[in-house]
$ cat protein_12.txt   # compact mmCIF, C-alpha atoms
# COMPACT_ATOMS: atom_id res chain seq x y z
CA MET W 1 66.17 -70.00 11.20
CA ASN W 2 69.18 -71.53 9.49
CA THR W 3 69.89 -75.19 10.16
CA SER W 4 72.82 -75.90 7.81
CA ARG W 5 76.20 -74.60 8.97
CA GLU W 6 78.01 -75.23 5.68
CA TYR W 7 78.72 -71.54 5.26
CA PRO W 8 80.56 -69.35 4.74
CA ARG W 9 82.40 -71.43 2.16
CA ILE W 10 84.71 -70.22 -0.59
CA VAL W 11 85.38 -73.00 -3.08
CA VAL W 12 86.80 -70.75 -5.78
CA ALA W 13 88.01 -67.19 -5.38
CA PRO W 14 85.10 -64.97 -6.46
CA PRO W 15 84.30 -64.20 -9.16
CA GLY W 16 84.55 -67.83 -10.25
CA PRO W 17 84.29 -68.91 -13.90
CA ARG W 18 80.47 -69.09 -14.00
CA ALA W 19 80.12 -65.76 -12.25
CA GLN W 20 82.62 -64.18 -14.61
CA GLN W 21 80.59 -65.29 -17.64
CA ILE W 22 77.49 -63.64 -16.21
CA ILE W 23 79.42 -60.50 -15.29
CA ASP W 24 80.97 -60.19 -18.75
CA ARG W 25 77.59 -60.47 -20.50
CA ASP W 26 75.99 -58.06 -18.05
CA MET W 27 78.72 -55.45 -18.36
CA ALA W 28 78.58 -55.61 -22.14
CA ASN W 29 74.84 -54.97 -22.33
CA SER W 30 73.43 -53.37 -19.18
CA SER W 31 73.05 -49.70 -18.36
CA THR W 32 76.23 -47.90 -17.39
CA SER W 33 74.31 -46.38 -14.46
CA TYR W 34 74.34 -49.62 -12.48
CA ILE W 35 76.74 -49.57 -9.52
CA LYS W 36 77.68 -53.29 -9.34
CA GLU W 37 79.37 -52.97 -5.95
CA TYR W 38 81.43 -56.17 -6.21
CA PRO W 39 81.32 -59.30 -8.40
CA LEU W 40 78.57 -61.28 -6.68
CA ALA W 41 76.52 -63.44 -9.07
CA MET W 42 73.82 -64.93 -6.88
CA SER W 43 72.32 -68.38 -7.44
CA HIS W 44 70.03 -68.77 -4.41
CA GLY W 45 69.80 -68.19 -0.70
CA ARG W 46 68.49 -69.73 2.50
CA GLY W 47 67.88 -67.71 5.63
CA ALA W 48 70.79 -65.31 6.02
CA MET W 49 73.01 -67.29 3.61
CA ILE W 50 73.62 -66.59 -0.08
CA GLU W 51 75.22 -69.00 -2.57
CA ASP W 52 76.71 -67.76 -5.83
CA VAL W 53 76.71 -69.59 -9.15
CA ASP W 54 80.13 -71.15 -8.43
CA GLY W 55 79.06 -72.67 -5.11
CA ASN W 56 80.59 -70.04 -2.83
CA ARG W 57 78.48 -69.36 0.27
CA PHE W 58 78.29 -66.06 2.10
CA ILE W 59 76.77 -64.68 5.28
CA ASP W 60 74.62 -61.74 4.23
CA PHE W 61 74.92 -58.58 6.33
CA MET W 62 73.12 -56.35 3.81
CA ALA W 63 69.96 -58.21 2.67
CA GLY W 64 69.94 -56.67 -0.80
CA ILE W 65 69.85 -53.18 0.78
CA ALA W 66 67.49 -54.15 3.65
CA VAL W 67 65.02 -55.95 1.35
CA ALA W 68 65.20 -59.63 2.36
CA SER W 69 63.48 -59.09 5.70
CA THR W 70 62.45 -62.73 6.24
CA GLY W 71 65.66 -64.04 4.70
CA TYR W 72 65.93 -66.02 1.50
CA GLY W 73 63.46 -68.74 0.60
CA HIS W 74 61.28 -68.44 3.70
CA PRO W 75 58.76 -71.27 3.28
CA LYS W 76 55.73 -69.22 4.33
CA VAL W 77 56.52 -66.38 1.95
CA VAL W 78 57.38 -68.74 -0.90
CA ALA W 79 54.13 -70.66 -0.39
CA ALA W 80 52.12 -67.43 -0.38
CA VAL W 81 53.72 -66.24 -3.62
CA LYS W 82 53.23 -69.61 -5.33
CA GLY W 83 49.60 -69.75 -4.25
CA ALA W 84 48.93 -66.25 -5.56
CA ALA W 85 50.69 -66.93 -8.87
CA GLU W 86 48.40 -69.90 -9.45
CA GLN W 87 45.36 -67.60 -9.21
CA PHE W 88 46.40 -64.52 -11.22
CA PHE W 89 49.25 -62.00 -11.24
CA SER W 90 47.46 -58.67 -11.14
CA MET W 91 44.06 -57.09 -11.72
CA CYS W 92 44.81 -53.36 -11.22
CA GLY W 93 43.80 -52.62 -7.66
CA THR W 94 43.21 -48.99 -8.68
CA ASP W 95 40.08 -50.12 -10.53
CA PHE W 96 38.98 -53.50 -9.14
CA PHE W 97 38.82 -55.53 -5.93
CA TYR W 98 40.45 -58.71 -4.63
CA GLN W 99 40.66 -59.98 -1.08
CA PRO W 100 44.45 -59.95 -0.45
CA MET W 101 44.57 -56.24 -1.30
CA SER W 102 41.68 -55.53 1.05
CA ASP W 103 43.38 -57.63 3.72
CA LEU W 104 46.68 -55.82 3.33
CA VAL W 105 45.39 -52.24 3.38
CA GLU W 106 43.27 -53.09 6.43
CA ARG W 107 46.25 -54.63 8.21
CA LEU W 108 48.68 -51.81 7.42
CA ALA W 109 46.11 -49.26 8.59
CA ARG W 110 45.73 -51.19 11.83
CA ILE W 111 49.43 -51.62 12.67
CA ALA W 112 50.53 -48.12 11.60
CA PRO W 113 52.03 -45.97 14.37
CA GLY W 114 49.70 -43.78 16.42
CA PRO W 115 46.00 -43.86 17.32
CA SER W 116 44.56 -41.98 14.32
CA LYS W 117 42.49 -43.88 11.76
CA LYS W 118 44.58 -44.53 8.64
CA ARG W 119 44.06 -45.15 4.95
CA VAL W 120 46.52 -46.93 2.64
CA PHE W 121 47.63 -46.61 -0.98
CA LEU W 122 49.70 -49.49 -2.38
CA SER W 123 52.59 -48.86 -4.78
CA ASN W 124 55.34 -50.87 -6.49
CA SER W 125 58.29 -49.41 -4.59
CA GLY W 126 59.50 -46.92 -2.03
CA THR W 127 60.25 -44.33 -4.67
CA GLU W 128 56.73 -44.56 -6.02
CA ALA W 129 55.36 -44.23 -2.49
CA ILE W 130 57.38 -41.05 -1.98
CA GLU W 131 56.17 -39.62 -5.30
CA GLY W 132 52.60 -40.31 -4.27
CA ALA W 133 53.17 -38.78 -0.86
CA ILE W 134 54.39 -35.55 -2.46
CA LYS W 135 51.13 -35.34 -4.40
CA LEU W 136 49.12 -36.27 -1.32
CA VAL W 137 50.54 -33.61 1.01
CA ARG W 138 50.14 -30.87 -1.58
CA ASP W 139 46.58 -31.95 -2.24
CA SER W 140 45.74 -32.16 1.46
CA THR W 141 47.22 -28.81 2.50
CA ARG W 142 46.85 -26.83 -0.73
CA ARG W 143 50.43 -25.69 -0.05
CA THR W 144 53.40 -26.06 -2.38
CA ASP W 145 56.76 -26.22 -0.62
CA LEU W 146 58.55 -29.17 0.97
CA ILE W 147 61.39 -29.53 3.48
CA ALA W 148 63.88 -32.40 3.48
CA PHE W 149 67.29 -33.07 5.03
CA HIS W 150 70.94 -33.11 4.03
CA GLY W 151 72.05 -36.72 3.62
CA SER W 152 68.56 -37.94 2.83
CA PHE W 153 67.74 -40.44 0.10
CA HIS W 154 64.14 -40.92 -1.01
CA GLY W 155 64.49 -42.51 -4.44
CA ARG W 156 65.59 -41.85 -8.00
CA THR W 157 62.53 -40.49 -9.79
CA TYR W 158 62.18 -36.73 -10.07
CA GLY W 159 60.14 -35.83 -7.00
CA ALA W 160 61.99 -38.28 -4.79
CA MET W 161 65.33 -37.20 -6.23
CA SER W 162 64.46 -33.56 -5.57
CA LEU W 163 63.95 -34.38 -1.90
CA GLY W 164 67.20 -36.35 -1.72
CA ALA W 165 70.53 -34.81 -0.79
CA SER W 166 72.82 -37.77 -0.21
CA LYS W 167 75.34 -37.87 -3.07
CA VAL W 168 75.84 -35.39 -5.88
CA LYS W 169 76.27 -38.19 -8.43
CA GLN W 170 72.62 -39.07 -7.86
CA ARG W 171 71.64 -35.55 -9.01
CA ALA W 172 74.40 -34.44 -11.38
CA HIS W 173 73.20 -33.42 -14.87
CA PHE W 174 69.57 -34.35 -14.14
CA GLY W 175 68.20 -30.90 -13.27
CA PRO W 176 66.14 -28.87 -13.06
CA PHE W 177 64.48 -30.51 -10.10
CA LEU W 178 61.12 -30.07 -8.42
CA PRO W 179 60.79 -26.44 -7.31
CA GLY W 180 59.97 -25.46 -3.76
CA VAL W 181 62.16 -28.04 -2.01
CA HIS W 182 64.33 -26.77 0.88
CA HIS W 183 67.06 -28.75 2.65
CA VAL W 184 68.19 -28.43 6.25
CA PRO W 185 70.86 -30.30 8.25
CA PHE W 186 70.05 -33.73 9.65
CA PRO W 187 70.73 -33.82 13.41
CA ASP W 188 73.81 -36.04 13.28
CA PRO W 189 75.07 -36.30 16.88
CA TYR W 190 78.49 -37.52 15.68
CA ARG W 191 79.43 -35.04 12.97
CA LEU W 192 77.13 -32.00 12.96
CA LYS W 193 79.01 -28.96 14.25
CA THR W 194 76.68 -27.28 16.74
CA GLY W 195 79.03 -25.47 19.13
CA GLY W 196 78.09 -27.84 21.93
CA GLN W 197 74.32 -27.53 21.49
CA ASP W 198 72.18 -30.65 21.21
CA ALA W 199 72.04 -31.55 17.50
CA GLY W 200 68.27 -31.87 17.52
CA GLU W 201 67.72 -28.49 19.15
CA PHE W 202 70.24 -26.95 16.75
CA VAL W 203 68.31 -28.18 13.69
CA LEU W 204 64.91 -27.17 15.06
CA GLU W 205 66.23 -23.68 15.72
CA HIS W 206 67.74 -23.58 12.23
CA ILE W 207 64.33 -24.31 10.70
CA GLU W 208 62.51 -21.71 12.80
CA LYS W 209 65.11 -18.95 12.88
CA HIS W 210 66.78 -19.30 9.49
CA LEU W 211 64.59 -21.18 7.03
CA PHE W 212 61.26 -19.69 8.13
CA LYS W 213 62.65 -16.18 8.50
CA ARG W 214 64.84 -15.94 5.40
CA ILE W 215 63.85 -18.57 2.83
CA VAL W 216 60.22 -19.73 2.97
CA ALA W 217 57.12 -18.80 4.94
CA PRO W 218 55.93 -21.73 7.07
CA ASP W 219 52.38 -21.38 5.74
CA ASP W 220 53.73 -22.14 2.27
CA VAL W 221 55.17 -25.48 3.46
CA ALA W 222 53.03 -28.55 2.83
CA ALA W 223 55.23 -31.14 4.56
CA ILE W 224 58.54 -32.08 6.08
CA PHE W 225 59.91 -35.38 4.72
CA ILE W 226 62.35 -37.23 6.95
CA GLU W 227 63.87 -40.66 7.41
CA PRO W 228 63.44 -41.14 11.18
CA LEU W 229 66.77 -42.98 11.04
CA LEU W 230 68.89 -41.64 8.18
CA GLY W 231 69.64 -44.49 5.77
CA GLU W 232 71.75 -43.94 2.65
CA GLY W 233 73.23 -40.83 4.27
CA GLY W 234 75.07 -42.86 6.91
CA TYR W 235 72.73 -44.90 9.15
CA ILE W 236 72.40 -42.06 11.62
CA VAL W 237 70.20 -42.06 14.72
CA PRO W 238 68.91 -38.58 15.70
CA PRO W 239 68.94 -37.36 19.31
CA PRO W 240 66.08 -38.78 21.42
CA GLY W 241 63.91 -35.66 21.55
CA PHE W 242 64.34 -34.44 18.00
CA LEU W 243 61.42 -36.14 16.27
CA LYS W 244 59.01 -35.10 19.02
CA GLY W 245 60.30 -31.56 18.60
CA LEU W 246 59.82 -31.80 14.83
CA ARG W 247 56.27 -33.08 15.38
CA ALA W 248 55.56 -30.07 17.60
CA LEU W 249 57.07 -27.68 15.03
CA CYS W 250 54.85 -29.13 12.31
CA ASP W 251 51.77 -28.84 14.50
CA ARG W 252 52.50 -25.20 15.27
CA HIS W 253 52.61 -24.29 11.59
CA GLY W 254 50.02 -26.66 10.11
CA ILE W 255 52.72 -28.63 8.29
CA LEU W 256 52.37 -32.36 7.64
CA LEU W 257 55.10 -34.72 8.88
CA VAL W 258 56.08 -37.54 6.51
CA PHE W 259 58.23 -40.46 7.66
CA ASP W 260 60.17 -42.32 4.98
CA GLU W 261 60.36 -45.81 6.53
CA VAL W 262 61.32 -47.55 3.32
CA GLN W 263 64.46 -48.95 5.00
CA THR W 264 63.47 -48.79 8.66
CA GLY W 265 59.97 -50.27 8.57
CA VAL W 266 58.62 -53.80 9.03
CA GLY W 267 60.61 -54.87 12.06
CA ARG W 268 64.13 -53.87 11.07
CA THR W 269 64.72 -51.70 14.14
CA GLY W 270 63.33 -54.22 16.62
CA HIS W 271 60.02 -52.39 16.37
CA MET W 272 57.45 -52.59 13.60
CA TRP W 273 58.25 -48.95 12.70
CA ALA W 274 61.05 -46.61 13.68
CA ALA W 275 58.30 -44.16 14.61
CA ASP W 276 57.44 -46.49 17.51
CA ILE W 277 60.92 -46.03 18.99
CA PHE W 278 60.37 -42.29 19.34
CA ASP W 279 56.63 -42.48 20.13
CA VAL W 280 55.83 -40.08 17.29
CA GLU W 281 52.85 -40.41 14.96
CA PRO W 282 53.59 -39.06 11.48
CA ASP W 283 50.79 -37.79 9.26
CA VAL W 284 52.08 -39.94 6.41
CA LEU W 285 54.37 -42.99 6.43
CA CYS W 286 55.97 -44.51 3.33
CA THR W 287 57.27 -48.06 3.35
CA ALA W 288 58.55 -50.69 0.89
CA LYS W 289 61.78 -52.77 0.71
CA GLY W 290 61.27 -55.42 3.42
CA LEU W 291 57.46 -55.28 3.20
CA GLY W 292 57.37 -58.01 0.54
CA SER W 293 60.57 -59.87 1.49
CA GLY W 294 61.95 -58.91 -1.92
CA VAL W 295 58.73 -59.00 -3.95
CA PRO W 296 58.11 -55.44 -5.22
CA ILE W 297 55.50 -53.63 -3.13
CA GLY W 298 55.31 -50.34 -1.27
CA ALA W 299 52.71 -48.37 0.63
CA ILE W 300 51.63 -44.88 1.62
CA ILE W 301 49.94 -45.04 5.03
CA ALA W 302 48.29 -41.75 6.00
CA LYS W 303 45.87 -40.37 8.52
CA GLU W 304 42.35 -40.49 7.15
CA SER W 305 42.16 -36.72 7.67
CA VAL W 306 45.09 -36.39 5.20
CA MET W 307 44.29 -39.09 2.62
CA LYS W 308 41.20 -37.46 1.18
CA TRP W 309 42.29 -36.88 -2.42
CA ALA W 310 39.63 -37.16 -5.10
CA ARG W 311 38.59 -40.40 -6.75
CA GLY W 312 40.87 -41.07 -9.72
CA SER W 313 43.47 -38.46 -8.73
CA HIS W 314 46.15 -41.09 -8.06
CA GLY W 315 46.57 -44.70 -9.10
CA SER W 316 48.94 -47.48 -10.14
CA THR W 317 48.56 -50.27 -12.67
CA PHE W 318 50.69 -52.78 -10.78
CA GLY W 319 50.79 -51.30 -7.26
CA GLY W 320 49.26 -53.78 -4.83
CA SER W 321 49.46 -56.71 -7.26
CA LEU W 322 48.08 -60.00 -6.00
CA ILE W 323 51.58 -61.47 -5.71
CA GLY W 324 52.89 -58.39 -3.90
CA CYS W 325 49.97 -58.41 -1.45
CA ALA W 326 50.39 -62.13 -0.78
CA ALA W 327 54.11 -61.68 -0.11
CA ALA W 328 53.47 -58.70 2.17
CA LEU W 329 50.79 -60.45 4.22
CA ALA W 330 53.03 -63.51 4.70
CA THR W 331 55.97 -61.26 5.55
CA LEU W 332 53.98 -59.43 8.22
CA ASP W 333 52.90 -62.78 9.69
CA VAL W 334 56.50 -63.96 9.93
CA VAL W 335 57.85 -60.64 11.23
CA GLU W 336 55.20 -60.40 13.94
CA ASP W 337 55.81 -64.04 14.91
CA GLY W 338 59.20 -63.50 16.56
CA LEU W 339 61.39 -61.61 14.10
CA ILE W 340 60.89 -58.24 15.78
CA ASP W 341 62.23 -59.71 19.02
CA ASN W 342 65.03 -61.45 17.11
CA ALA W 343 66.01 -58.18 15.44
CA ARG W 344 66.30 -56.56 18.84
CA ALA W 345 68.36 -59.40 20.35
CA MET W 346 70.66 -60.01 17.38
CA GLY W 347 71.04 -56.28 16.85
CA ALA W 348 72.27 -55.88 20.42
CA ARG W 349 74.70 -58.77 19.89
CA LEU W 350 76.03 -57.23 16.67
CA LYS W 351 76.34 -53.76 18.12
CA ALA W 352 78.23 -55.06 21.14
CA GLY W 353 80.60 -56.92 18.81
CA PHE W 354 81.32 -53.81 16.75
CA GLN W 355 81.81 -51.71 19.89
CA SER W 356 84.31 -54.26 21.19
CA MET W 357 86.06 -54.19 17.80
CA ALA W 358 86.28 -50.39 17.99
CA GLU W 359 88.49 -50.75 21.09
CA ARG W 360 91.07 -52.56 18.94
CA PHE W 361 90.68 -50.54 15.73
CA PRO W 362 90.95 -46.74 16.05
CA CYS W 363 89.73 -46.45 12.46
CA ILE W 364 86.21 -47.14 13.79
CA GLY W 365 84.99 -43.72 14.79
CA ASP W 366 81.42 -44.51 15.75
CA VAL W 367 79.06 -47.46 16.12
CA ARG W 368 75.36 -46.58 16.14
CA GLY W 369 71.98 -48.03 15.36
CA VAL W 370 68.81 -49.67 16.57
CA GLY W 371 67.92 -53.34 16.10
CA LEU W 372 69.31 -54.62 12.81
CA PHE W 373 69.88 -51.12 11.48
CA ILE W 374 73.52 -50.48 12.45
CA GLY W 375 76.15 -48.12 11.07
CA VAL W 376 79.90 -48.56 11.58
CA ASP W 377 81.58 -45.25 10.74
CA PHE W 378 85.23 -45.34 9.62
CA VAL W 379 87.61 -42.39 10.03
CA THR W 380 91.22 -41.55 9.33
CA ASP W 381 91.48 -40.48 12.97
CA ARG W 382 89.01 -40.00 15.79
CA VAL W 383 89.92 -36.39 16.52
CA SER W 384 89.18 -34.96 13.08
CA LYS W 385 86.50 -37.58 12.32
CA GLN W 386 87.65 -37.39 8.69
CA PRO W 387 85.79 -40.05 6.69
CA ASP W 388 87.86 -42.87 5.17
CA PRO W 389 86.00 -44.10 2.06
CA LYS W 390 89.04 -45.95 0.68
CA LEU W 391 89.17 -48.15 3.76
CA VAL W 392 85.45 -48.93 3.50
CA ALA W 393 85.79 -49.90 -0.17
CA ARG W 394 88.72 -52.16 0.67
CA LEU W 395 86.85 -53.68 3.62
CA GLU W 396 83.91 -54.59 1.38
CA ARG W 397 86.22 -56.47 -1.00
CA GLU W 398 88.21 -58.21 1.75
CA ALA W 399 85.01 -59.37 3.45
CA PHE W 400 83.55 -60.59 0.15
CA ALA W 401 86.65 -62.68 -0.50
CA ARG W 402 86.16 -64.32 2.91
CA GLY W 403 82.44 -65.03 2.67
CA LEU W 404 80.72 -61.97 4.15
CA LEU W 405 78.53 -59.53 2.21
CA LEU W 406 78.79 -55.89 3.27
CA LEU W 407 77.54 -52.63 1.80
CA GLY W 408 78.62 -49.07 2.41
CA CYS W 409 76.60 -45.87 2.75
CA GLY W 410 77.24 -42.23 3.63
CA GLU W 411 80.83 -41.12 3.14
CA SER W 412 82.53 -44.00 4.92
CA VAL W 413 80.00 -46.13 6.77
CA ILE W 414 79.33 -49.84 6.58
CA ARG W 415 75.58 -50.34 6.93
CA VAL W 416 74.66 -53.57 8.69
CA ALA W 417 71.10 -54.48 7.70
CA PRO W 418 70.95 -58.28 7.48
CA PRO W 419 67.87 -60.48 7.09
CA LEU W 420 65.84 -60.43 10.30
CA VAL W 421 66.19 -64.23 10.58
CA LEU W 422 69.92 -64.28 11.27
CA ASP W 423 70.91 -66.02 14.47
CA ALA W 424 73.83 -66.11 16.91
CA TYR W 425 75.93 -68.24 14.54
CA ASP W 426 75.45 -65.74 11.73
CA VAL W 427 76.28 -62.84 14.03
CA ASP W 428 79.35 -64.32 15.66
CA THR W 429 80.78 -65.83 12.48
CA GLY W 430 80.09 -62.64 10.56
CA LEU W 431 81.79 -60.54 13.23
CA ALA W 432 84.87 -62.78 13.14
CA ILE W 433 85.11 -62.44 9.34
CA PHE W 434 84.50 -58.69 9.60
CA GLU W 435 87.41 -58.29 12.02
CA GLU W 436 89.75 -60.42 9.91
CA ALA W 437 88.79 -58.48 6.77
CA LEU W 438 89.19 -55.15 8.57
CA ALA W 439 92.70 -56.08 9.70
CA ALA W 440 93.59 -56.95 6.12
CA ALA W 441 92.00 -53.75 4.80
CA VAL W 442 93.87 -51.59 7.30
CA ALA W 443 97.19 -53.25 6.42
CA ALA W 444 96.56 -52.91 2.68
CA THR W 445 95.47 -49.29 2.96
CA ALA W 446 98.52 -48.43 5.03
CA ALA W 447 100.77 -50.13 2.49
$ encode --input "protein_12.txt" --output "structure tokens"
Amino acid sequence: MNTSREYPRIVVAPPGPRAQQIIDRDMANSSTSYIKEYPLAMSHGRGAMIEDVDGNRFIDFMAGIAVASTGYGHPKVVAAVKGAAEQFFSMCGTDFFYQPMSDLVERLARIAPGPSKKRVFLSNSGTEAIEGAIKLVRDSTRRTDLIAFHGSFHGRTYGAMSLGASKVKQRAHFGPFLPGVHHVPFPDPYRLKTGGQDAGEFVLEHIEKHLFKRIVAPDDVAAIFIEPLLGEGGYIVPPPGFLKGLRALCDRHGILLVFDEVQTGVGRTGHMWAADIFDVEPDVLCTAKGLGSGVPIGAIIAKESVMKWARGSHGSTFGGSLIGCAAALATLDVVEDGLIDNARAMGARLKAGFQSMAERFPCIGDVRGVGLFIGVDFVTDRVSKQPDPKLVARLEREAFARGLLLLGCGESVIRVAPPLVLDAYDVDTGLAIFEEALAAAVAATAA
């Protein structure tokens, strides 16, 4: 946990002179595809605090898009990475053996949701895990088609991008995409128009009565890919019974169920996996992001009955590198040693703070989430639920200027996915800055 309370601290309005030099060089030479949300030039971090190159300190409510699970500079993770680097960097786990890789695949197989025996493939990232999972489910079922959800984000390579349906700019001018991918509504309890029907039941009926009767035969479908809690699409929590219903639908038709837990896994929700919240065992689970506390590593965890592809049919030169495995093993140690409970407690504290704020700010239409996976949805008014992206963009900038790092998602949602090590000081101070920045953003938007 954090011991120093010398943050947040703004010593020079960001971007300061050193940050501006970095930004100018970057913007002159880097790919135009980079988003560069706001002018943060990071120097280092400790716990849930980030310091930029000009000495400004910020409370981090976004963890590099849910990556810094154990915070910044956690001594156990740093020691594990240093120790691994002194041995060797990588020795292609596709072809050879080393103990940390054996330890990690054994551990992930053991802690995966559900009672079935699992096998594990290690990748470099969440996107690569999704790409591998597409191959795996087609190989396992000998079927071709895939189902995914509106609002979903699974990565930026072609298979993952074909499954995604979050923002058109992520797909524009890149087609054609992977054939045989069908999208259905995500059961958003806040915005999905269902005529009063439960959103989960509405979507399940849509799959059975529309998709399977008009578009694709169920025995052509290899798998349904879903984020159990929708991430990039708006940090949306489905109705309680939906995932069990989806599991039953898949079982009826011999379809595999794939959970994309790239954002939600490794303790973020106050459980090791979001699947544990709903007591649903997927056939395949993909994870990454927080698994290595920022060191690149991902995993496909699948039932042994599913992961039976032929020797040499899939591999990765750097997936499961020694450094990645060391970081992941240390991360799991730290997460299991109190951070899951902390995510649950601090998540409840954050959520209560945002719900209290919503009583004073009618622009907050909905507050939702589990653990440290929280979405604050902003609207022009609560009756129409019209998203207000301009307010969210302004709020990000106002918070940044005051020492709080935020990140949007969906149409007009602030995602709150901080390091799992944040404590009551981080929560309460961050909430106070959030409210001050929101008041300024509302006034500026109105003006």
$ atom_distance --input "protein_12.txt" --atom1 "atom CA of W:Phe259" --atom2 "atom CA of W:Asp276"
11.6 Å
$ residues_around --input "protein_12.txt" --residues "stretch 328-341 of chain W" --least-positions-apart "5" --cutoff "7 Å" --atoms "only C-alpha atoms" --output "NGL selection string"
:W and (70 or 76-77 or 80 or 104 or 267 or 270-272 or 291-293 or 420-421)
$ atom_distance --input "protein_12.txt" --atom1 "atom CA of W:His206" --atom2 "atom CA of W:Thr127"
27.8 Å
$ closest_residue --input "protein_12.txt" --among "W:Asp283, W:Asp52, W:Glu396, W:Glu232" --to "W:Ala66" --atoms "all atoms listed in the file"
W:Glu232
$ atom_distance --input "protein_12.txt" --atom1 "atom CA of W:Gly410" --atom2 "atom CA of W:Leu163"
16.4 Å
$ residues_around --input "protein_12.txt" --residues "W:Arg57" --least-positions-apart "3" --cutoff "9 Å" --atoms "only C-alpha atoms" --output "ChimeraX atom specification"
/W:6-11,45,49-52,403-404
$ closest_residue --input "protein_12.txt" --among "W:Phe121, W:Phe96, W:Phe186, W:Phe88" --to "W:Lys308" --atoms "only C-alpha atoms"
W:Phe121
$ closest_residue --input "protein_12.txt" --among "W:Gly324, W:Pro113, W:Gly55, W:Gly234" --to "W:Met101" --atoms "all atoms listed in the file"
W:Gly324
$ closest_residue --input "protein_12.txt" --among "W:Ala310, W:Val81, W:Leu229, W:Ala345" --to "W:Thr264" --atoms "all atoms listed in the file"
W:Leu229
$ closest_residue --input "protein_12.txt" --among "W:Leu322, W:Leu256, W:Leu204, W:Val280" --to "W:Pro228" --atoms "all atoms listed in the file"
W:Val280
$ residues_around --input "protein_12.txt" --residues "stretch 348-359 of chain W" --least-positions-apart "6" --cutoff "8 Å" --atoms "all atoms listed in the file" --output "MDAnalysis selection string"
chainID W and resid 365:369 371 374 376 424 427:428 431 435
$ build_atoms --input "protein_12.txt" --residues "stretch 13-28 of chain W" --atoms "N, CA and C atoms" --output "short mmCIF file (atom, residue, chain, number, x, y, z; two decimals), in the frame of the given file"
data_model
loop_
_atom_site.label_atom_id
_atom_site.label_comp_id
_atom_site.auth_asym_id
_atom_site.auth_seq_id
_atom_site.Cartn_x
_atom_site.Cartn_y
_atom_site.Cartn_z
N ALA W 13 87.94 -68.62 -5.66
CA ALA W 13 88.01 -67.19 -5.38
C ALA W 13 87.02 -66.43 -6.26
N PRO W 14 86.08 -65.69 -5.65
CA PRO W 14 85.10 -64.97 -6.46
C PRO W 14 85.73 -63.76 -7.15
N PRO W 15 85.33 -63.47 -8.40
CA PRO W 15 84.30 -64.20 -9.16
C PRO W 15 84.87 -65.47 -9.79
N GLY W 16 84.15 -66.58 -9.60
CA GLY W 16 84.55 -67.83 -10.25
C GLY W 16 84.20 -67.81 -11.73
N PRO W 17 84.49 -68.90 -12.44
CA PRO W 17 84.29 -68.91 -13.90
C PRO W 17 82.84 -68.70 -14.33
N ARG W 18 81.88 -69.29 -13.63
CA ARG W 18 80.47 -69.09 -14.00
C ARG W 18 80.04 -67.65 -13.72
N ALA W 19 80.45 -67.15 -12.57
CA ALA W 19 80.12 -65.76 -12.25
C ALA W 19 80.73 -64.81 -13.27
N GLN W 20 81.95 -65.08 -13.68
CA GLN W 20 82.62 -64.18 -14.61
C GLN W 20 81.90 -64.15 -15.96
N GLN W 21 81.36 -65.28 -16.39
CA GLN W 21 80.59 -65.29 -17.64
C GLN W 21 79.37 -64.38 -17.53
N ILE W 22 78.67 -64.47 -16.42
CA ILE W 22 77.49 -63.64 -16.21
C ILE W 22 77.88 -62.17 -16.16
N ILE W 23 78.95 -61.88 -15.44
CA ILE W 23 79.42 -60.50 -15.29
C ILE W 23 79.81 -59.92 -16.65
N ASP W 24 80.53 -60.69 -17.44
CA ASP W 24 80.97 -60.19 -18.75
C ASP W 24 79.78 -59.85 -19.64
N ARG W 25 78.77 -60.72 -19.67
CA ARG W 25 77.59 -60.47 -20.50
C ARG W 25 76.82 -59.26 -19.98
N ASP W 26 76.70 -59.18 -18.66
CA ASP W 26 75.99 -58.06 -18.05
C ASP W 26 76.67 -56.73 -18.38
N MET W 27 77.97 -56.69 -18.16
CA MET W 27 78.72 -55.45 -18.36
C MET W 27 78.73 -55.01 -19.82
N ALA W 28 78.59 -55.95 -20.72
CA ALA W 28 78.58 -55.61 -22.14
C ALA W 28 77.24 -55.06 -22.61
#
